[in-house]
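Listing of model_36.txt; format and content: compact mmCIF, C-alpha atoms.
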# COMPACT_ATOMS: atom_id res chain seq x y z
CA MET A 1 53.81 99.57 188.63
CA ILE A 2 54.81 96.05 187.69
CA LYS A 3 58.32 95.55 186.32
CA ILE A 4 59.36 92.57 184.18
CA LEU A 5 62.75 90.87 184.44
CA THR A 6 64.16 87.96 182.45
CA ASP A 7 67.47 86.42 181.35
CA SER A 8 69.30 86.66 178.04
CA THR A 9 68.15 83.27 176.75
CA SER A 10 64.78 84.94 176.11
CA VAL A 11 66.43 86.59 173.06
CA VAL A 12 64.88 89.91 174.08
CA ASN A 13 67.33 92.26 172.38
CA GLN A 14 68.28 95.73 173.60
CA ALA A 15 65.75 97.46 171.34
CA ASP A 16 62.88 95.30 172.62
CA ALA A 17 64.05 95.69 176.21
CA LYS A 18 63.89 99.46 175.85
CA LYS A 19 60.57 99.40 173.99
CA TYR A 20 58.79 97.23 176.55
CA GLY A 21 60.70 98.29 179.67
CA ILE A 22 62.14 94.80 180.30
CA THR A 23 65.22 94.20 182.44
CA VAL A 24 67.42 91.52 180.86
CA ILE A 25 70.19 89.90 182.93
CA PRO A 26 72.83 88.31 180.67
CA LEU A 27 74.29 84.89 181.31
CA THR A 28 78.06 84.50 181.13
CA ILE A 29 79.80 82.89 178.14
CA ALA A 30 83.27 81.37 178.51
CA LEU A 31 85.36 81.02 175.33
CA GLY A 32 88.71 79.66 176.39
CA ASN A 33 90.03 81.91 179.15
CA LYS A 34 87.89 84.89 178.13
CA SER A 35 84.44 85.71 179.51
CA TYR A 36 81.64 87.46 177.66
CA LEU A 37 78.09 88.58 178.39
CA ASP A 38 75.34 86.91 176.36
CA GLY A 39 73.64 89.44 174.09
CA VAL A 40 76.03 92.21 175.15
CA THR A 41 79.56 91.21 174.15
CA ALA A 42 78.82 87.74 172.70
CA ASP A 43 76.31 86.50 170.15
CA SER A 44 75.54 83.21 168.42
CA ASP A 45 77.96 83.86 165.56
CA LEU A 46 80.88 84.43 167.93
CA VAL A 47 80.20 81.15 169.73
CA ASP A 48 79.76 79.26 166.44
CA HIS A 49 83.09 80.60 165.21
CA TYR A 50 84.85 79.63 168.43
CA ASN A 51 83.46 76.11 168.38
CA ASP A 52 84.46 75.71 164.73
CA THR A 53 88.03 76.90 165.26
CA HIS A 54 88.65 75.21 168.63
CA ARG A 55 87.61 71.62 168.07
CA ASN A 56 89.45 70.41 171.19
CA ASP A 57 87.71 72.95 173.40
CA ILE A 58 84.08 73.91 173.91
CA SER A 59 82.17 77.08 174.66
CA ARG A 60 80.46 77.14 178.03
CA SER A 61 77.83 79.22 179.78
CA SER A 62 77.00 79.90 183.41
CA GLN A 63 74.23 81.64 185.28
CA PRO A 64 74.85 85.18 186.53
CA PRO A 65 76.06 85.58 190.13
CA ILE A 66 73.27 86.00 192.65
CA GLY A 67 74.44 89.54 193.36
CA LYS A 68 73.38 90.65 189.87
CA PHE A 69 69.80 89.68 190.58
CA VAL A 70 69.82 91.13 194.10
CA GLU A 71 71.08 94.42 192.67
CA ALA A 72 68.43 94.39 189.92
CA PHE A 73 65.60 93.58 192.35
CA LYS A 74 66.65 96.38 194.71
CA LYS A 75 66.67 98.86 191.84
CA LEU A 76 63.31 97.74 190.45
CA THR A 77 61.51 97.74 193.81
CA LYS A 78 62.97 100.92 195.30
CA ASN A 79 59.85 102.96 194.47
CA GLY A 80 57.48 100.31 195.75
CA ASP A 81 57.02 98.65 192.36
CA SER A 82 56.38 94.92 192.04
CA VAL A 83 58.61 92.62 190.00
CA LEU A 84 57.74 89.60 187.90
CA ALA A 85 60.81 87.57 186.88
CA ILE A 86 60.20 85.08 184.06
CA MET A 87 63.21 82.81 183.71
CA ILE A 88 64.68 80.03 181.58
CA GLY A 89 63.40 76.60 182.59
CA ASP A 90 65.33 74.97 185.42
CA ASN A 91 65.96 71.88 183.27
CA PHE A 92 68.20 74.00 181.04
CA SER A 93 69.98 76.15 183.60
CA GLY A 94 70.41 76.80 187.31
CA THR A 95 69.46 80.45 186.74
CA TYR A 96 65.87 80.02 187.99
CA ASN A 97 67.06 78.65 191.34
CA VAL A 98 69.54 81.51 191.73
CA VAL A 99 66.78 84.04 191.06
CA CYS A 100 64.50 82.41 193.63
CA LYS A 101 67.23 82.78 196.26
CA ALA A 102 67.90 86.38 195.26
CA SER A 103 64.21 87.27 195.50
CA LYS A 104 64.20 86.23 199.16
CA MET A 105 67.09 88.58 199.90
CA VAL A 106 65.23 91.73 198.85
CA LYS A 107 62.23 93.35 200.48
CA GLY A 108 59.32 93.92 198.13
CA ASN A 109 56.76 92.08 196.04
CA ILE A 110 58.84 89.81 193.80
CA ASN A 111 57.39 86.83 191.95
CA VAL A 112 59.57 84.35 190.03
CA ILE A 113 58.22 82.11 187.26
CA ASN A 114 59.88 78.97 185.93
CA SER A 115 58.97 79.25 182.24
CA LYS A 116 59.92 75.59 181.70
CA THR A 117 61.23 76.64 178.29
CA THR A 118 63.65 79.07 176.67
CA ASP A 119 64.42 81.14 173.57
CA GLN A 120 61.48 82.62 171.65
CA SER A 121 58.90 80.68 173.68
CA LEU A 122 60.29 82.45 176.74
CA ARG A 123 60.39 85.74 174.83
CA HIS A 124 56.70 85.41 173.96
CA MET A 125 55.82 85.06 177.65
CA VAL A 126 58.06 87.96 178.66
CA VAL A 127 56.83 90.41 176.01
CA SER A 128 53.19 89.48 176.63
CA ALA A 129 53.68 90.08 180.37
CA ALA A 130 55.41 93.42 179.69
CA GLN A 131 52.60 94.59 177.42
CA MET A 132 50.04 93.79 180.11
CA ALA A 133 52.13 95.45 182.81
CA ASN A 134 52.65 98.59 180.74
CA SER A 135 48.92 98.97 180.18
CA GLN A 136 48.47 99.19 183.97
CA LYS A 137 45.10 97.46 183.55
CA TYR A 138 46.10 94.13 185.11
CA SER A 139 47.15 92.90 188.52
CA ILE A 140 50.29 90.85 188.92
CA ASP A 141 48.15 87.76 189.55
CA GLN A 142 46.35 88.30 186.25
CA ILE A 143 49.67 88.60 184.43
CA ILE A 144 50.99 85.45 186.11
CA ASN A 145 47.84 83.57 185.03
CA LYS A 146 48.32 84.80 181.47
CA VAL A 147 51.95 83.65 181.41
CA ASP A 148 50.88 80.26 182.75
CA ASP A 149 48.25 79.98 180.01
CA ILE A 150 50.84 80.80 177.34
CA ARG A 151 53.15 78.17 178.81
CA LYS A 152 50.44 75.51 178.68
CA HIS A 153 49.74 76.25 175.00
CA SER A 154 53.34 76.53 173.85
CA THR A 155 55.38 73.88 172.06
CA LEU A 156 59.10 73.70 171.31
CA TYR A 157 60.77 71.32 168.87
CA MET A 158 64.56 71.31 168.70
CA GLY A 159 66.76 69.78 166.03
CA VAL A 160 70.48 69.20 166.59
CA SER A 161 73.11 67.73 164.30
CA THR A 162 75.66 66.99 167.02
CA LEU A 163 75.53 66.12 170.71
CA ARG A 164 79.14 67.18 171.26
CA ASN A 165 78.27 70.45 172.96
CA LEU A 166 75.42 69.01 175.01
CA ARG A 167 77.68 66.26 176.28
CA LYS A 168 80.62 68.50 177.18
CA ASN A 169 78.37 71.10 178.79
CA GLY A 170 76.75 68.50 181.03
CA ARG A 171 73.30 68.73 179.42
CA ILE A 172 73.28 65.22 177.93
CA HIS A 173 71.18 64.00 180.88
CA MET A 174 68.24 65.72 179.20
CA PHE A 175 68.52 63.22 176.35
CA ALA A 176 69.43 60.10 178.30
CA SER A 177 65.92 58.64 178.14
CA VAL A 178 65.75 58.74 174.37
CA LEU A 179 69.25 58.45 172.92
CA SER A 180 71.35 55.79 174.60
CA PHE A 181 74.40 58.04 174.17
CA ILE A 182 74.78 57.74 170.40
CA PHE A 183 76.52 61.02 169.56
CA HIS A 184 76.41 61.07 165.77
CA LEU A 185 72.64 61.16 165.30
CA TYR A 186 70.65 63.98 163.81
CA ILE A 187 67.69 64.30 166.11
CA VAL A 188 64.49 66.28 166.61
CA VAL A 189 62.96 66.35 170.08
CA ASN A 190 59.84 67.90 171.53
CA LEU A 191 59.88 69.53 174.98
CA ASP A 192 56.50 69.30 176.71
CA ILE A 193 55.21 71.57 179.50
CA ASN A 194 56.52 69.14 182.12
CA GLN A 195 60.02 69.58 180.66
CA LYS A 196 60.03 66.02 179.36
CA LEU A 197 61.74 65.31 176.04
CA HIS A 198 60.09 63.14 173.41
CA ILE A 199 61.96 62.04 170.32
CA ALA A 200 60.25 63.16 167.10
CA ALA A 201 62.84 62.03 164.56
CA LYS A 202 66.33 60.57 164.43
CA GLY A 203 68.75 59.52 161.71
CA ARG A 204 72.30 59.83 160.48
CA GLY A 205 72.01 62.68 157.99
CA LYS A 206 70.39 66.03 157.25
CA LYS A 207 67.54 64.25 155.47
CA THR A 208 66.31 63.44 158.98
CA PHE A 209 65.20 67.06 159.29
CA LEU A 210 63.61 67.07 155.83
CA ARG A 211 61.63 63.91 156.60
CA TRP A 212 60.43 65.39 159.88
CA MET A 213 59.25 68.69 158.43
CA PRO A 214 56.14 67.46 156.49
CA ARG A 215 54.98 65.45 159.51
CA TYR A 216 55.36 68.49 161.73
CA LEU A 217 53.49 70.79 159.34
CA ASN A 218 50.72 68.22 159.01
CA SER A 219 50.37 68.10 162.80
CA LEU A 220 49.59 71.83 162.81
CA LYS A 221 46.61 71.54 160.47
CA GLY A 222 43.43 72.69 162.16
CA GLU A 223 45.32 74.46 164.94
CA SER A 224 44.64 78.10 165.74
CA ILE A 225 48.13 79.51 166.16
CA LYS A 226 48.80 82.98 167.52
CA TYR A 227 52.60 82.90 167.53
CA MET A 228 55.37 81.20 165.55
CA GLY A 229 59.12 81.55 165.94
CA ILE A 230 62.22 79.79 164.65
CA SER A 231 65.68 80.27 166.14
CA TYR A 232 68.84 78.73 164.78
CA THR A 233 72.62 78.46 164.88
CA GLY A 234 74.94 78.19 161.90
CA ASP A 235 73.39 77.67 158.47
CA VAL A 236 70.03 79.40 157.94
CA LYS A 237 69.05 77.30 154.88
CA PHE A 238 66.82 74.71 156.59
CA PRO A 239 65.30 77.07 159.21
CA LYS A 240 64.45 79.52 156.41
CA LEU A 241 62.82 76.76 154.36
CA LEU A 242 60.77 75.66 157.34
CA ALA A 243 59.77 79.27 158.11
CA GLN A 244 58.57 79.76 154.54
CA LYS A 245 56.46 76.62 154.63
CA MET A 246 54.97 77.51 158.02
CA GLN A 247 54.22 81.04 156.82
CA HIS A 248 52.51 79.62 153.73
CA GLN A 249 50.29 77.44 155.93
CA PHE A 250 49.56 80.25 158.40
CA PRO A 251 49.89 83.49 156.38
CA LYS A 252 48.20 85.67 159.02
CA VAL A 253 50.44 84.57 161.91
CA PRO A 254 53.62 86.62 162.45
CA MET A 255 56.80 84.56 162.01
CA ILE A 256 60.07 85.54 163.69
CA LEU A 257 63.23 83.95 162.28
CA ARG A 258 66.42 84.83 164.13
CA HIS A 259 69.69 83.59 165.57
CA THR A 260 69.36 82.08 169.01
CA SER A 261 71.25 83.41 172.02
CA ALA A 262 74.93 82.81 172.64
CA THR A 263 73.99 80.70 175.67
CA ILE A 264 71.78 78.31 173.72
CA THR A 265 74.44 78.07 171.00
CA CYS A 266 76.95 76.92 173.63
CA HIS A 267 74.77 73.90 174.32
CA THR A 268 73.30 73.01 170.92
CA GLY A 269 76.36 73.49 168.73
CA GLU A 270 76.27 74.50 165.07
CA ASN A 271 73.40 73.96 162.65
CA ALA A 272 70.75 73.52 165.31
CA TYR A 273 67.29 75.02 165.30
CA ALA A 274 64.18 75.35 167.43
CA VAL A 275 60.59 75.71 166.23
CA MET A 276 58.22 77.32 168.71
CA THR A 277 54.48 77.87 168.50
CA CYS A 278 51.70 79.00 170.80
CA THR A 279 48.09 78.04 170.14
CA LYS A 280 45.01 79.95 171.20

Using the file provided, produce a representation of the structure as structure tokens.
Amino acid sequence: MIKILTDSTSVVNQADAKKYGITVIPLTIALGNKSYLDGVTADSDLVDHYNDTHRNDISRSSQPPIGKFVEAFKKLTKNGDSVLAIMIGDNFSGTYNVVCKASKMVKGNINVINSKTTDQSLRHMVVSAAQMANSQKYSIDQIINKVDDIRKHSTLYMGVSTLRNLRKNGRIHMFASVLSFIFHLYIVVNLDINQKLHIAAKGRGKKTFLRWMPRYLNSLKGESIKYMGISYTGDVKFPKLLAQKMQHQFPKVPMILRHTSATITCHTGENAYAVMTCTK
């Protein structure tokens, strides 16, 4: 059999993990001097609350120790099964590189994919791979090709209302080419398949998001979309409005609206959102 492994930024919850037989390795969340496991003992709301009540501190995340992946790979391959690990993009986290090292420490057929994305875009790849693996009709190469095809046809737009968390968590380098270190902007950026960020909108108030939304919806006209997802932190008002408008334009496409992972919340801060689609 082929087993699927991913990390907690994929927002594959415990129910989905059980349903599809997916192994999810949680990243570590640090809130002050206490440590939590993403999706197990910490969620987005907990991180939001901490950031709101500790303005002089910041929540942080870190990749799991290599031993966690070595242990998981040994368990998954002990009966001769193959493993396909689909991980958060290496531009967001060092987790992918840790997993690559761990895979070389375990005997067995282990393949590691850099999804080049995160959140529900990553979830879509992981669940699709698990469904193919569970059918036992596909080889691991066929599943890898399918994941690569999903990656090529996926888009992710992210809106943030503060760069405080990104700066303090050391992720501001992702925005250096488009922002010139102005920390009070409301911004929307697009992450392409080469993990390059392109600015889609910027301004000094929430109307920045409202001005961007019609342009984004117009860009989807004529597209054949098979998946839509919106993840958010903090206030659900704008993400819900956007979800309703997207659902109106594509009534036959399932829409998933949910909180993002605790890890992503550590980096984006409150009142952020991501819009993810995959075309056919």

(request) Using atom CA of A:His153 and atom CA of A:Met125 as the two end points, give the distance in Å to one decimal. (result) 11.0 Å

(request) Have a look at atom CA of A:Met87 and atom CA of A:Val126 and let me know their distance in Å, one decimal. (result)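 Answer for the atom CA of A:Met87 to atom CA of A:Val126 separation: 8.9 Å.
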
(request) Provide the atom CA of A:Asp141 to atom CA of A:Leu84 distance in Å, to one decimal place. (result) 9.9 Å

(request) May I ask which of the residues A:Arg204, A:Gly229, A:Val236, A:Ala85 is the closest one to A:Ser121, counting all atoms listed in the file? (result)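 Looking only at the distances to A:Ser121, the closest residue turns out to be A:Gly229.
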
(request) Check the smallest atom-to-atom distance from each of A:His267, A:Arg215, A:Lys78, A:Lys68 to A:Ala102 using all atoms listed in the file, then report the winner. (result)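 Of A:His267, A:Arg215, A:Lys78, A:Lys68, the one nearest A:Ala102 is A:Lys68, counting all atoms listed in the file.
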
(message) At a cut-off of 12 Å, using all atoms listed in the file, what residues contact A:Ala42? Leave out same-chain residues fewer than 6 positions from it and give the result as a PyMOL selection string.
(response) chain A and resi 8+26-31+34-36+48-50+59-61+260-266

Residue subset to file, keeping C-alpha atoms, as a PDB file, keeping the file's coordinate frame:
ATOM      1  CA  SER A   8      69.300  86.660 178.040  1.00  0.00           C
ATOM      2  CA  PRO A  26      72.830  88.310 180.670  1.00  0.00           C
ATOM      3  CA  LEU A  27      74.290  84.890 181.310  1.00  0.00           C
ATOM      4  CA  THR A  28      78.060  84.500 181.130  1.00  0.00           C
ATOM      5  CA  ILE A  29      79.800  82.890 178.140  1.00  0.00           C
ATOM      6  CA  ALA A  30      83.270  81.370 178.510  1.00  0.00           C
ATOM      7  CA  LEU A  31      85.360  81.020 175.330  1.00  0.00           C
ATOM      8  CA  LYS A  34      87.890  84.890 178.130  1.00  0.00           C
ATOM      9  CA  SER A  35      84.440  85.710 179.510  1.00  0.00           C
ATOM     10  CA  TYR A  36      81.640  87.460 177.660  1.00  0.00           C
ATOM     11  CA  ASP A  48      79.760  79.260 166.440  1.00  0.00           C
ATOM     12  CA  HIS A  49      83.090  80.600 165.210  1.00  0.00           C
ATOM     13  CA  TYR A  50      84.850  79.630 168.430  1.00  0.00           C
ATOM     14  CA  SER A  59      82.170  77.080 174.660  1.00  0.00           C
ATOM     15  CA  ARG A  60      80.460  77.140 178.030  1.00  0.00           C
ATOM     16  CA  SER A  61      77.830  79.220 179.780  1.00  0.00           C
ATOM     17  CA  THR A 260      69.360  82.080 169.010  1.00  0.00           C
ATOM     18  CA  SER A 261      71.250  83.410 172.020  1.00  0.00           C
ATOM     19  CA  ALA A 262      74.930  82.810 172.640  1.00  0.00           C
ATOM     20  CA  THR A 263      73.990  80.700 175.670  1.00  0.00           C
ATOM     21  CA  ILE A 264      71.780  78.310 173.720  1.00  0.00           C
ATOM     22  CA  THR A 265      74.440  78.070 171.000  1.00  0.00           C
ATOM     23  CA  CYS A 266      76.950  76.920 173.630  1.00  0.00           C
TER      24      CYS A 266
END

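For the residues A:Met105, A:Cys100, A:Met158, A:Val70, ranking by smallest atom-to-atom distance to A:Thr268 using all atoms listed in the file places A:Met158 first.
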
Would you give the centre and edge lengths, in Å to one decimal, of a box along x, y and z around the listed atoms of stretch 71-88 of chain A, with 6 Å added to each side, as JSON?
{"center_x": 63.7, "center_y": 91.5, "center_z": 188.7, "size_x": 26.7, "size_y": 34.9, "size_z": 26.2}

(message) With distances taken over all atoms listed in the file, which residue among A:Ile225, A:Val99, A:Ile143, A:Met276 lies nearest A:Leu242?
(response)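 Closest to A:Leu242, using all atoms listed in the file: A:Met276.
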
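With all atoms listed in the file as the atoms that count, the minimum distance from A:His198 to the choices A:Ser93, A:Thr23, A:Tyr157, A:Ile113 is reached by A:Tyr157.
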
(request) Would you list the contacts of A:Asn109 as a PyMOL selection string, taking every protein, DNA or RNA residue within 9 Å and counting all atoms listed in the file, but skipping same-chain residues closer than 3 positions in sequence? (result) chain A and resi 77+80-84+103+106

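Among the candidate residues A:Gln249, A:Asn190, A:Asn271, A:Thr6, the one lying nearest to A:Leu122 is A:Thr6, with distances computed using all atoms listed in the file.
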
(request) Please provide the set of residues having any atom within 12 Å of A:Ile25, restricted to all atoms listed in the file, with same-chain residues fewer than 6 positions apart removed, written as a PyMOL selection string. (result) chain A and resi 4-14+17+37-40+63-73+85-88+95-96+99
